[in-house]
file query31.cif (mmCIF, N, CA and C atoms)
data_my_file
loop_
_atom_site.label_atom_id
_atom_site.label_comp_id
_atom_site.auth_asym_id
_atom_site.auth_seq_id
_atom_site.Cartn_x
_atom_site.Cartn_y
_atom_site.Cartn_z
N MET H 958 32.78 7.95 -3.76
CA MET H 958 32.03 8.41 -2.61
C MET H 958 30.55 8.54 -2.94
N ALA H 959 29.72 8.33 -1.98
CA ALA H 959 28.29 8.46 -2.19
C ALA H 959 27.92 9.92 -2.37
N ALA H 960 26.85 10.17 -3.10
CA ALA H 960 26.43 11.55 -3.36
C ALA H 960 25.77 12.17 -2.14
N SER H 961 25.23 11.38 -1.28
CA SER H 961 24.62 11.92 -0.07
C SER H 961 24.65 10.84 1.00
N GLY H 962 24.25 11.25 2.18
CA GLY H 962 24.19 10.27 3.25
C GLY H 962 25.17 10.59 4.36
N ALA H 963 25.13 9.79 5.40
CA ALA H 963 25.93 10.06 6.59
C ALA H 963 27.42 9.88 6.36
N ASN H 964 27.82 9.05 5.38
CA ASN H 964 29.23 8.80 5.15
C ASN H 964 29.89 9.83 4.25
N HIS H 965 29.10 10.70 3.64
CA HIS H 965 29.66 11.70 2.74
C HIS H 965 30.38 12.77 3.56
N PRO H 966 31.59 13.18 3.13
CA PRO H 966 32.36 14.13 3.93
C PRO H 966 31.72 15.51 4.05
N VAL H 967 30.78 15.85 3.18
CA VAL H 967 30.15 17.16 3.25
C VAL H 967 28.75 17.04 3.85
N SER H 968 28.47 15.98 4.55
CA SER H 968 27.13 15.77 5.08
C SER H 968 26.89 16.56 6.36
N VAL H 969 27.37 17.78 6.39
CA VAL H 969 27.05 18.68 7.49
C VAL H 969 25.70 19.26 7.15
N THR H 970 24.66 18.57 7.56
CA THR H 970 23.32 18.97 7.17
C THR H 970 22.42 19.10 8.38
N GLY H 971 21.25 19.65 8.12
CA GLY H 971 20.21 19.71 9.13
C GLY H 971 20.58 20.51 10.35
N ALA H 972 20.10 20.03 11.48
CA ALA H 972 20.27 20.74 12.73
C ALA H 972 21.74 20.89 13.12
N LYS H 973 22.54 19.89 12.80
CA LYS H 973 23.96 19.97 13.15
C LYS H 973 24.63 21.15 12.46
N SER H 974 24.37 21.34 11.18
CA SER H 974 25.00 22.44 10.45
C SER H 974 24.52 23.79 10.96
N VAL H 975 23.25 23.87 11.36
CA VAL H 975 22.72 25.13 11.90
C VAL H 975 23.45 25.49 13.17
N TRP H 976 23.67 24.51 14.04
CA TRP H 976 24.33 24.81 15.31
C TRP H 976 25.83 25.04 15.12
N ILE H 977 26.43 24.40 14.13
CA ILE H 977 27.83 24.70 13.83
C ILE H 977 27.94 26.14 13.35
N PHE H 978 27.03 26.53 12.45
CA PHE H 978 27.03 27.92 11.97
C PHE H 978 26.81 28.89 13.13
N PHE H 979 25.87 28.58 14.02
CA PHE H 979 25.59 29.47 15.15
C PHE H 979 26.81 29.58 16.07
N ALA H 980 27.51 28.48 16.30
CA ALA H 980 28.72 28.51 17.13
C ALA H 980 29.79 29.39 16.48
N ILE H 981 29.91 29.29 15.16
CA ILE H 981 30.87 30.14 14.45
C ILE H 981 30.43 31.60 14.54
N LEU H 982 29.13 31.85 14.47
CA LEU H 982 28.60 33.21 14.59
C LEU H 982 28.92 33.78 15.97
N VAL H 983 28.70 33.00 17.01
CA VAL H 983 29.00 33.46 18.38
C VAL H 983 30.50 33.74 18.52
N ALA H 984 31.32 32.84 18.03
CA ALA H 984 32.77 33.04 18.12
C ALA H 984 33.19 34.29 17.37
N SER H 985 32.62 34.51 16.20
CA SER H 985 32.94 35.71 15.42
C SER H 985 32.57 36.97 16.18
N GLY H 986 31.39 36.98 16.78
CA GLY H 986 30.95 38.15 17.54
C GLY H 986 31.83 38.42 18.74
N VAL H 987 32.22 37.39 19.45
CA VAL H 987 33.09 37.55 20.63
C VAL H 987 34.47 38.06 20.22
N VAL H 988 35.01 37.50 19.14
CA VAL H 988 36.33 37.95 18.67
C VAL H 988 36.26 39.40 18.22
N MET H 989 35.22 39.75 17.47
CA MET H 989 35.09 41.13 16.99
C MET H 989 34.94 42.10 18.16
N ALA H 990 34.16 41.75 19.16
CA ALA H 990 33.99 42.62 20.32
C ALA H 990 35.30 42.74 21.11
N SER H 991 36.03 41.66 21.25
CA SER H 991 37.31 41.69 21.97
C SER H 991 38.33 42.56 21.25
N VAL H 992 38.43 42.39 19.94
CA VAL H 992 39.35 43.21 19.17
C VAL H 992 38.91 44.67 19.21
N GLY H 993 37.61 44.90 19.13
CA GLY H 993 37.08 46.26 19.23
C GLY H 993 37.42 46.91 20.56
N ALA H 994 37.33 46.14 21.63
CA ALA H 994 37.67 46.67 22.95
C ALA H 994 39.14 47.03 23.03
N LEU H 995 39.99 46.19 22.46
CA LEU H 995 41.43 46.46 22.49
C LEU H 995 41.81 47.67 21.64
N LEU H 996 41.18 47.79 20.48
CA LEU H 996 41.58 48.84 19.54
C LEU H 996 40.85 50.17 19.74
N ARG H 997 39.57 50.11 20.12
CA ARG H 997 38.78 51.34 20.17
C ARG H 997 38.12 51.61 21.52
N GLY H 998 38.20 50.68 22.44
CA GLY H 998 37.65 50.93 23.77
C GLY H 998 36.36 50.18 24.04
N VAL H 999 35.91 50.32 25.27
CA VAL H 999 34.74 49.58 25.76
C VAL H 999 33.45 50.03 25.07
N ASP H 1000 33.30 51.33 24.82
CA ASP H 1000 32.08 51.81 24.17
C ASP H 1000 31.93 51.20 22.76
N PHE H 1001 33.02 51.13 22.04
CA PHE H 1001 32.99 50.52 20.72
C PHE H 1001 32.65 49.03 20.83
N ALA H 1002 33.26 48.35 21.80
CA ALA H 1002 32.99 46.92 22.00
C ALA H 1002 31.52 46.69 22.35
N ASN H 1003 30.95 47.56 23.16
CA ASN H 1003 29.52 47.43 23.49
C ASN H 1003 28.65 47.58 22.24
N ALA H 1004 29.03 48.49 21.36
CA ALA H 1004 28.29 48.66 20.10
C ALA H 1004 28.44 47.42 19.22
N VAL H 1005 29.64 46.85 19.19
CA VAL H 1005 29.86 45.62 18.43
C VAL H 1005 28.99 44.50 19.00
N LEU H 1006 28.96 44.39 20.31
CA LEU H 1006 28.13 43.36 20.95
C LEU H 1006 26.65 43.55 20.64
N LEU H 1007 26.20 44.81 20.62
CA LEU H 1007 24.80 45.07 20.28
C LEU H 1007 24.50 44.58 18.87
N GLY H 1008 25.35 44.93 17.92
CA GLY H 1008 25.15 44.48 16.55
C GLY H 1008 25.16 42.97 16.44
N PHE H 1009 26.09 42.34 17.14
CA PHE H 1009 26.18 40.88 17.13
C PHE H 1009 24.93 40.25 17.74
N VAL H 1010 24.46 40.77 18.85
CA VAL H 1010 23.27 40.20 19.50
C VAL H 1010 22.05 40.33 18.58
N ILE H 1011 21.93 41.45 17.89
CA ILE H 1011 20.82 41.62 16.95
C ILE H 1011 20.89 40.56 15.85
N VAL H 1012 22.08 40.34 15.30
CA VAL H 1012 22.25 39.33 14.25
C VAL H 1012 21.94 37.94 14.80
N ALA H 1013 22.43 37.62 15.98
CA ALA H 1013 22.21 36.30 16.56
C ALA H 1013 20.73 36.04 16.82
N ILE H 1014 20.04 37.03 17.36
CA ILE H 1014 18.61 36.87 17.63
C ILE H 1014 17.84 36.72 16.31
N ASN H 1015 18.20 37.53 15.32
CA ASN H 1015 17.55 37.41 14.01
C ASN H 1015 17.79 36.03 13.40
N PHE H 1016 18.99 35.50 13.55
CA PHE H 1016 19.30 34.18 13.03
C PHE H 1016 18.42 33.12 13.70
N LEU H 1017 18.34 33.16 15.03
CA LEU H 1017 17.53 32.17 15.75
C LEU H 1017 16.04 32.33 15.41
N TRP H 1018 15.58 33.57 15.28
CA TRP H 1018 14.19 33.83 14.95
C TRP H 1018 13.87 33.29 13.55
N THR H 1019 14.77 33.52 12.62
CA THR H 1019 14.57 33.02 11.26
C THR H 1019 14.58 31.50 11.23
N LYS H 1020 15.50 30.89 11.97
CA LYS H 1020 15.57 29.43 12.05
C LYS H 1020 14.24 28.87 12.56
N LYS H 1021 13.72 29.47 13.60
CA LYS H 1021 12.46 29.01 14.18
C LYS H 1021 11.30 29.18 13.19
N ALA H 1022 11.26 30.31 12.50
CA ALA H 1022 10.17 30.58 11.55
C ALA H 1022 10.22 29.61 10.38
N VAL H 1023 11.40 29.38 9.84
CA VAL H 1023 11.53 28.47 8.70
C VAL H 1023 11.20 27.04 9.13
N LYS H 1024 11.66 26.66 10.31
CA LYS H 1024 11.36 25.31 10.82
C LYS H 1024 9.86 25.12 10.98
N SER H 1025 9.16 26.12 11.49
CA SER H 1025 7.72 25.98 11.69
C SER H 1025 6.99 25.88 10.35
N VAL H 1026 7.48 26.57 9.34
CA VAL H 1026 6.85 26.48 8.02
C VAL H 1026 7.10 25.11 7.41
N ILE H 1027 8.32 24.62 7.52
CA ILE H 1027 8.67 23.33 6.89
C ILE H 1027 8.07 22.16 7.63
N LEU H 1028 8.23 22.11 8.95
CA LEU H 1028 7.78 20.94 9.71
C LEU H 1028 6.28 20.96 10.01
N ASP H 1029 5.76 22.13 10.34
CA ASP H 1029 4.36 22.22 10.71
C ASP H 1029 3.45 22.53 9.54
N LYS H 1030 4.05 22.72 8.36
CA LYS H 1030 3.29 23.03 7.14
C LYS H 1030 2.40 24.24 7.32
N ARG H 1031 2.92 25.24 8.03
CA ARG H 1031 2.16 26.48 8.18
C ARG H 1031 2.26 27.28 6.88
N PRO H 1032 1.31 28.15 6.65
CA PRO H 1032 1.30 28.89 5.39
C PRO H 1032 2.49 29.86 5.27
N ASN H 1033 2.89 30.13 4.02
CA ASN H 1033 3.99 31.04 3.78
C ASN H 1033 3.68 32.46 4.22
N ALA H 1034 2.41 32.82 4.30
CA ALA H 1034 2.03 34.16 4.76
C ALA H 1034 2.53 34.39 6.18
N LEU H 1035 2.53 33.35 6.99
CA LEU H 1035 3.03 33.46 8.36
C LEU H 1035 4.53 33.75 8.36
N LEU H 1036 5.25 33.09 7.48
CA LEU H 1036 6.69 33.34 7.37
C LEU H 1036 6.96 34.77 6.92
N ILE H 1037 6.21 35.24 5.93
CA ILE H 1037 6.39 36.60 5.45
C ILE H 1037 6.05 37.61 6.55
N ALA H 1038 4.99 37.37 7.27
CA ALA H 1038 4.61 38.26 8.38
C ALA H 1038 5.70 38.27 9.45
N SER H 1039 6.27 37.11 9.72
CA SER H 1039 7.35 37.02 10.70
C SER H 1039 8.55 37.85 10.27
N PHE H 1040 8.90 37.79 8.99
CA PHE H 1040 10.03 38.56 8.49
C PHE H 1040 9.75 40.06 8.55
N VAL H 1041 8.53 40.47 8.25
CA VAL H 1041 8.18 41.89 8.31
C VAL H 1041 8.27 42.41 9.74
N VAL H 1042 7.74 41.65 10.68
CA VAL H 1042 7.81 42.04 12.08
C VAL H 1042 9.26 42.08 12.55
N LYS H 1043 10.03 41.08 12.18
CA LYS H 1043 11.44 41.03 12.56
C LYS H 1043 12.19 42.23 12.00
N PHE H 1044 11.96 42.56 10.75
CA PHE H 1044 12.62 43.71 10.12
C PHE H 1044 12.25 45.01 10.83
N ALA H 1045 10.97 45.20 11.11
CA ALA H 1045 10.52 46.43 11.77
C ALA H 1045 11.11 46.54 13.18
N LEU H 1046 11.10 45.44 13.91
CA LEU H 1046 11.65 45.45 15.26
C LEU H 1046 13.15 45.72 15.25
N THR H 1047 13.86 45.11 14.31
CA THR H 1047 15.30 45.33 14.18
C THR H 1047 15.59 46.78 13.85
N ALA H 1048 14.83 47.34 12.91
CA ALA H 1048 15.02 48.74 12.52
C ALA H 1048 14.78 49.67 13.71
N PHE H 1049 13.75 49.39 14.49
CA PHE H 1049 13.46 50.21 15.67
C PHE H 1049 14.59 50.12 16.70
N ILE H 1050 15.06 48.91 16.97
CA ILE H 1050 16.14 48.73 17.95
C ILE H 1050 17.41 49.44 17.49
N LEU H 1051 17.75 49.30 16.22
CA LEU H 1051 18.94 49.98 15.70
C LEU H 1051 18.80 51.49 15.79
N TYR H 1052 17.65 52.01 15.41
CA TYR H 1052 17.41 53.45 15.49
C TYR H 1052 17.54 53.93 16.93
N TYR H 1053 16.87 53.23 17.84
CA TYR H 1053 16.88 53.63 19.25
C TYR H 1053 18.30 53.56 19.83
N ALA H 1054 19.02 52.50 19.51
CA ALA H 1054 20.36 52.33 20.06
C ALA H 1054 21.33 53.40 19.54
N ILE H 1055 21.25 53.69 18.26
CA ILE H 1055 22.20 54.64 17.67
C ILE H 1055 21.79 56.07 17.93
N ARG H 1056 20.52 56.37 17.76
CA ARG H 1056 20.06 57.76 17.87
C ARG H 1056 19.83 58.20 19.32
N ILE H 1057 19.19 57.36 20.10
CA ILE H 1057 18.81 57.73 21.46
C ILE H 1057 19.90 57.36 22.47
N LEU H 1058 20.38 56.12 22.42
CA LEU H 1058 21.38 55.66 23.38
C LEU H 1058 22.81 56.00 22.98
N GLN H 1059 22.98 56.53 21.77
CA GLN H 1059 24.27 57.00 21.27
C GLN H 1059 25.33 55.90 21.15
N PHE H 1060 24.91 54.70 20.72
CA PHE H 1060 25.89 53.65 20.42
C PHE H 1060 26.67 54.07 19.18
N ASP H 1061 27.93 53.66 19.12
CA ASP H 1061 28.78 53.97 17.97
C ASP H 1061 28.25 53.24 16.74
N PRO H 1062 27.83 53.97 15.69
CA PRO H 1062 27.28 53.31 14.51
C PRO H 1062 28.28 52.36 13.82
N MET H 1063 29.54 52.71 13.81
CA MET H 1063 30.54 51.82 13.20
C MET H 1063 30.68 50.53 14.00
N GLY H 1064 30.61 50.63 15.31
CA GLY H 1064 30.67 49.44 16.15
C GLY H 1064 29.48 48.53 15.91
N VAL H 1065 28.30 49.12 15.80
CA VAL H 1065 27.11 48.33 15.51
C VAL H 1065 27.25 47.65 14.16
N LEU H 1066 27.76 48.38 13.18
CA LEU H 1066 27.96 47.81 11.84
C LEU H 1066 28.96 46.65 11.87
N VAL H 1067 30.01 46.80 12.64
CA VAL H 1067 30.99 45.71 12.78
C VAL H 1067 30.32 44.50 13.41
N GLY H 1068 29.51 44.72 14.42
CA GLY H 1068 28.79 43.61 15.06
C GLY H 1068 27.82 42.93 14.12
N LEU H 1069 27.12 43.73 13.31
CA LEU H 1069 26.20 43.15 12.33
C LEU H 1069 26.95 42.33 11.29
N SER H 1070 28.19 42.71 11.01
CA SER H 1070 28.97 41.98 10.01
C SER H 1070 29.48 40.64 10.52
N ALA H 1071 29.21 40.32 11.77
CA ALA H 1071 29.57 38.99 12.29
C ALA H 1071 28.89 37.90 11.47
N LEU H 1072 27.72 38.22 10.92
CA LEU H 1072 27.03 37.25 10.07
C LEU H 1072 27.84 36.96 8.81
N LEU H 1073 28.43 37.98 8.23
CA LEU H 1073 29.27 37.78 7.05
C LEU H 1073 30.50 36.95 7.40
N ALA H 1074 31.15 37.29 8.50
CA ALA H 1074 32.33 36.54 8.92
C ALA H 1074 31.98 35.08 9.18
N ALA H 1075 30.85 34.85 9.84
CA ALA H 1075 30.43 33.48 10.13
C ALA H 1075 30.11 32.72 8.84
N SER H 1076 29.50 33.39 7.88
CA SER H 1076 29.20 32.74 6.60
C SER H 1076 30.47 32.32 5.88
N LEU H 1077 31.46 33.21 5.87
CA LEU H 1077 32.73 32.88 5.23
C LEU H 1077 33.44 31.74 5.95
N LEU H 1078 33.46 31.78 7.27
CA LEU H 1078 34.12 30.72 8.04
C LEU H 1078 33.39 29.39 7.90
N PHE H 1079 32.07 29.42 7.85
CA PHE H 1079 31.31 28.18 7.68
C PHE H 1079 31.58 27.59 6.29
N GLY H 1080 31.65 28.45 5.28
CA GLY H 1080 31.99 27.98 3.94
C GLY H 1080 33.37 27.35 3.91
N LEU H 1081 34.30 27.94 4.63
CA LEU H 1081 35.64 27.37 4.75
C LEU H 1081 35.59 26.02 5.45
N HIS H 1082 34.79 25.93 6.49
CA HIS H 1082 34.61 24.68 7.24
C HIS H 1082 34.10 23.57 6.31
N VAL H 1083 33.10 23.89 5.50
CA VAL H 1083 32.52 22.89 4.58
C VAL H 1083 33.56 22.51 3.52
N ALA H 1084 34.30 23.50 3.00
CA ALA H 1084 35.32 23.20 1.98
C ALA H 1084 36.42 22.31 2.53
N VAL H 1085 36.83 22.55 3.77
CA VAL H 1085 37.87 21.72 4.38
C VAL H 1085 37.35 20.30 4.58
N ARG H 1086 36.12 20.17 5.02
CA ARG H 1086 35.54 18.84 5.21
C ARG H 1086 35.42 18.11 3.88
N LYS H 1087 35.12 18.85 2.83
CA LYS H 1087 34.98 18.24 1.50
C LYS H 1087 36.33 17.76 1.00
N ALA H 1088 37.39 18.50 1.31
CA ALA H 1088 38.73 18.15 0.85
C ALA H 1088 39.29 16.94 1.58
N GLN H 1089 38.76 16.59 2.72
CA GLN H 1089 39.30 15.48 3.50
C GLN H 1089 38.90 14.15 2.93
#

call {"tool": "encode", "arguments": {"input": "query31.cif", "output": "structure tokens"}}
result
Amino acid sequence: MAASGANHPVSVTGAKSVWIFFAILVASGVVMASVGALLRGVDFANAVLLGFVIVAINFLWTKKAVKSVILDKRPNALLIASFVVKFALTAFILYYAIRILQFDPMGVLVGLSALLAASLLFGLHVAVRKAQ
């Protein structure tokens, strides 16, 4: 087999792999929220959805920032500034949601962990494709 290229079974690269990962992330968040609703109720599911939405937005924001640095050759300082702003905004939203709006912290944590679940499932996806 070739080491790289379109015919290689692990050639899930570029934009296609990003969107496959994002689809797995969305599916993970929906499944986690559904299970949360069944096991702990609607309030818990809403907290899971909040955590998932934060992770999904951060993922898309990071994708856009990295793409602009790579394709547009913008300076790395812009990428670092983007990450600092993203981190501060995320921290504020989490604080406001948990402290002020009284979202269930465990539900938010479960929603945030959708990124971990998606990473594991994407790794499994790549391993299965490699084995074929």

call {"tool": "residues_near_point", "arguments": {"input": "query31.cif", "point": "(24.9, 26.7, 9.6)", "cutoff": "12 Å", "atoms": "only C-alpha atoms", "output": "ChimeraX atom specification"}}
result
/H:969-983,1016-1017,1020,1072,1075-1083

call {"tool": "resolve_selection", "arguments": {"input": "query31.cif", "expression": "the PyMOL selection byres (((chain H and resi 1000 and name CA) around 12) and name CA)", "output": "list in words"}}
result
Ala990, Ser991, Gly993, Ala994, Leu995, Leu996, Arg997, Gly998, Val999, Phe1001, Ala1002, Asn1003, Ala1004, Val1005, Leu1006, Leu1007, Leu1058, Gln1059, Phe1060, Asp1061, Pro1062, Met1063, Gly1064 and Val1065 of chain H

call {"tool": "atom_distance", "arguments": {"input": "query31.cif", "atom1": "atom CA of H:Thr1019", "atom2": "atom CA of H:Lys1043"}}
result
8.7 Å

call {"tool": "atom_distance", "arguments": {"input": "query31.cif", "atom1": "atom CA of H:Gly1068", "atom2": "atom CA of H:Trp1018"}}
result
17.6 Å

call {"tool": "axis_aligned_box", "arguments": {"input": "query31.cif", "around": "stretch 1057-1075 of chain H", "padding_each_side": "5 Å", "output": "JSON"}}
result
{"center_x": 25.6, "center_y": 45.2, "center_z": 15.2, "size_x": 23.5, "size_y": 35.0, "size_z": 26.3}

call {"tool": "closest_residue", "arguments": {"input": "query31.cif", "among": "H:Tyr1052, H:Gly986, H:Gln1089, H:Val1067", "to": "H:Ala1013", "atoms": "only C-alpha atoms"}}
result
H:Gly986

call {"tool": "atom_distance", "arguments": {"input": "query31.cif", "atom1": "atom N of H:Leu1069", "atom2": "atom N of H:Ala1054"}}
result
13.5 Å

call {"tool": "select_by_dssp", "arguments": {"input": "query31.cif", "residues": "chain H", "states": "helix (DSSP H, G or I)", "output": "ChimeraX atom specification"}}
result
/H:971-997,999-1029,1033-1057,1062-1069,1071-1088

call {"tool": "decode", "arguments": {"input": "query31.cif", "residues": "stretch 1040-1064 of chain H", "atoms": "N, CA and C atoms", "output": "PDB file, in the first residue's frame"}}
result
ATOM      1  N   PHE H1040      -7.035  32.117  21.251  1.00  0.00           N
ATOM      2  CA  PHE H1040      -7.193  31.106  22.297  1.00  0.00           C
ATOM      3  C   PHE H1040      -7.436  31.742  23.664  1.00  0.00           C
ATOM      4  N   VAL H1041      -6.772  32.838  23.952  1.00  0.00           N
ATOM      5  CA  VAL H1041      -6.964  33.518  25.236  1.00  0.00           C
ATOM      6  C   VAL H1041      -8.386  34.063  25.339  1.00  0.00           C
ATOM      7  N   VAL H1042      -8.861  34.689  24.276  1.00  0.00           N
ATOM      8  CA  VAL H1042     -10.222  35.216  24.265  1.00  0.00           C
ATOM      9  C   VAL H1042     -11.226  34.079  24.390  1.00  0.00           C
ATOM     10  N   LYS H1043     -11.000  33.009  23.656  1.00  0.00           N
ATOM     11  CA  LYS H1043     -11.895  31.851  23.708  1.00  0.00           C
ATOM     12  C   LYS H1043     -11.938  31.268  25.116  1.00  0.00           C
ATOM     13  N   PHE H1044     -10.793  31.122  25.740  1.00  0.00           N
ATOM     14  CA  PHE H1044     -10.722  30.580  27.100  1.00  0.00           C
ATOM     15  C   PHE H1044     -11.469  31.477  28.084  1.00  0.00           C
ATOM     16  N   ALA H1045     -11.248  32.778  28.007  1.00  0.00           N
ATOM     17  CA  ALA H1045     -11.910  33.714  28.919  1.00  0.00           C
ATOM     18  C   ALA H1045     -13.426  33.706  28.714  1.00  0.00           C
ATOM     19  N   LEU H1046     -13.853  33.699  27.472  1.00  0.00           N
ATOM     20  CA  LEU H1046     -15.285  33.679  27.178  1.00  0.00           C
ATOM     21  C   LEU H1046     -15.931  32.377  27.658  1.00  0.00           C
ATOM     22  N   THR H1047     -15.247  31.265  27.442  1.00  0.00           N
ATOM     23  CA  THR H1047     -15.755  29.973  27.902  1.00  0.00           C
ATOM     24  C   THR H1047     -15.862  29.941  29.420  1.00  0.00           C
ATOM     25  N   ALA H1048     -14.829  30.438  30.099  1.00  0.00           N
ATOM     26  CA  ALA H1048     -14.848  30.468  31.563  1.00  0.00           C
ATOM     27  C   ALA H1048     -16.003  31.328  32.077  1.00  0.00           C
ATOM     28  N   PHE H1049     -16.231  32.464  31.441  1.00  0.00           N
ATOM     29  CA  PHE H1049     -17.329  33.335  31.853  1.00  0.00           C
ATOM     30  C   PHE H1049     -18.683  32.656  31.642  1.00  0.00           C
ATOM     31  N   ILE H1050     -18.872  32.028  30.490  1.00  0.00           N
ATOM     32  CA  ILE H1050     -20.138  31.352  30.198  1.00  0.00           C
ATOM     33  C   ILE H1050     -20.380  30.212  31.185  1.00  0.00           C
ATOM     34  N   LEU H1051     -19.351  29.430  31.463  1.00  0.00           N
ATOM     35  CA  LEU H1051     -19.504  28.332  32.422  1.00  0.00           C
ATOM     36  C   LEU H1051     -19.830  28.857  33.816  1.00  0.00           C
ATOM     37  N   TYR H1052     -19.133  29.894  34.245  1.00  0.00           N
ATOM     38  CA  TYR H1052     -19.403  30.485  35.554  1.00  0.00           C
ATOM     39  C   TYR H1052     -20.841  30.989  35.625  1.00  0.00           C
ATOM     40  N   TYR H1053     -21.243  31.748  34.610  1.00  0.00           N
ATOM     41  CA  TYR H1053     -22.589  32.329  34.592  1.00  0.00           C
ATOM     42  C   TYR H1053     -23.656  31.228  34.581  1.00  0.00           C
ATOM     43  N   ALA H1054     -23.449  30.206  33.771  1.00  0.00           N
ATOM     44  CA  ALA H1054     -24.446  29.142  33.647  1.00  0.00           C
ATOM     45  C   ALA H1054     -24.583  28.344  34.948  1.00  0.00           C
ATOM     46  N   ILE H1055     -23.458  28.035  35.571  1.00  0.00           N
ATOM     47  CA  ILE H1055     -23.502  27.198  36.775  1.00  0.00           C
ATOM     48  C   ILE H1055     -23.864  28.019  38.004  1.00  0.00           C
ATOM     49  N   ARG H1056     -23.264  29.180  38.151  1.00  0.00           N
ATOM     50  CA  ARG H1056     -23.456  29.972  39.369  1.00  0.00           C
ATOM     51  C   ARG H1056     -24.747  30.792  39.346  1.00  0.00           C
ATOM     52  N   ILE H1057     -25.017  31.438  38.239  1.00  0.00           N
ATOM     53  CA  ILE H1057     -26.162  32.351  38.158  1.00  0.00           C
ATOM     54  C   ILE H1057     -27.423  31.625  37.685  1.00  0.00           C
ATOM     55  N   LEU H1058     -27.319  30.871  36.589  1.00  0.00           N
ATOM     56  CA  LEU H1058     -28.489  30.195  36.031  1.00  0.00           C
ATOM     57  C   LEU H1058     -28.765  28.842  36.678  1.00  0.00           C
ATOM     58  N   GLN H1059     -27.863  28.388  37.542  1.00  0.00           N
ATOM     59  CA  GLN H1059     -28.028  27.160  38.313  1.00  0.00           C
ATOM     60  C   GLN H1059     -28.124  25.897  37.458  1.00  0.00           C
ATOM     61  N   PHE H1060     -27.331  25.831  36.385  1.00  0.00           N
ATOM     62  CA  PHE H1060     -27.239  24.591  35.616  1.00  0.00           C
ATOM     63  C   PHE H1060     -26.524  23.550  36.467  1.00  0.00           C
ATOM     64  N   ASP H1061     -26.891  22.289  36.283  1.00  0.00           N
ATOM     65  CA  ASP H1061     -26.272  21.191  37.022  1.00  0.00           C
ATOM     66  C   ASP H1061     -24.807  21.063  36.593  1.00  0.00           C
ATOM     67  N   PRO H1062     -23.851  21.256  37.516  1.00  0.00           N
ATOM     68  CA  PRO H1062     -22.438  21.173  37.141  1.00  0.00           C
ATOM     69  C   PRO H1062     -22.037  19.808  36.580  1.00  0.00           C
ATOM     70  N   MET H1063     -22.599  18.746  37.102  1.00  0.00           N
ATOM     71  CA  MET H1063     -22.273  17.411  36.575  1.00  0.00           C
ATOM     72  C   MET H1063     -22.790  17.251  35.148  1.00  0.00           C
ATOM     73  N   GLY H1064     -23.953  17.794  34.869  1.00  0.00           N
ATOM     74  CA  GLY H1064     -24.484  17.746  33.512  1.00  0.00           C
ATOM     75  C   GLY H1064     -23.609  18.513  32.537  1.00  0.00           C
TER      76      GLY H1064
END
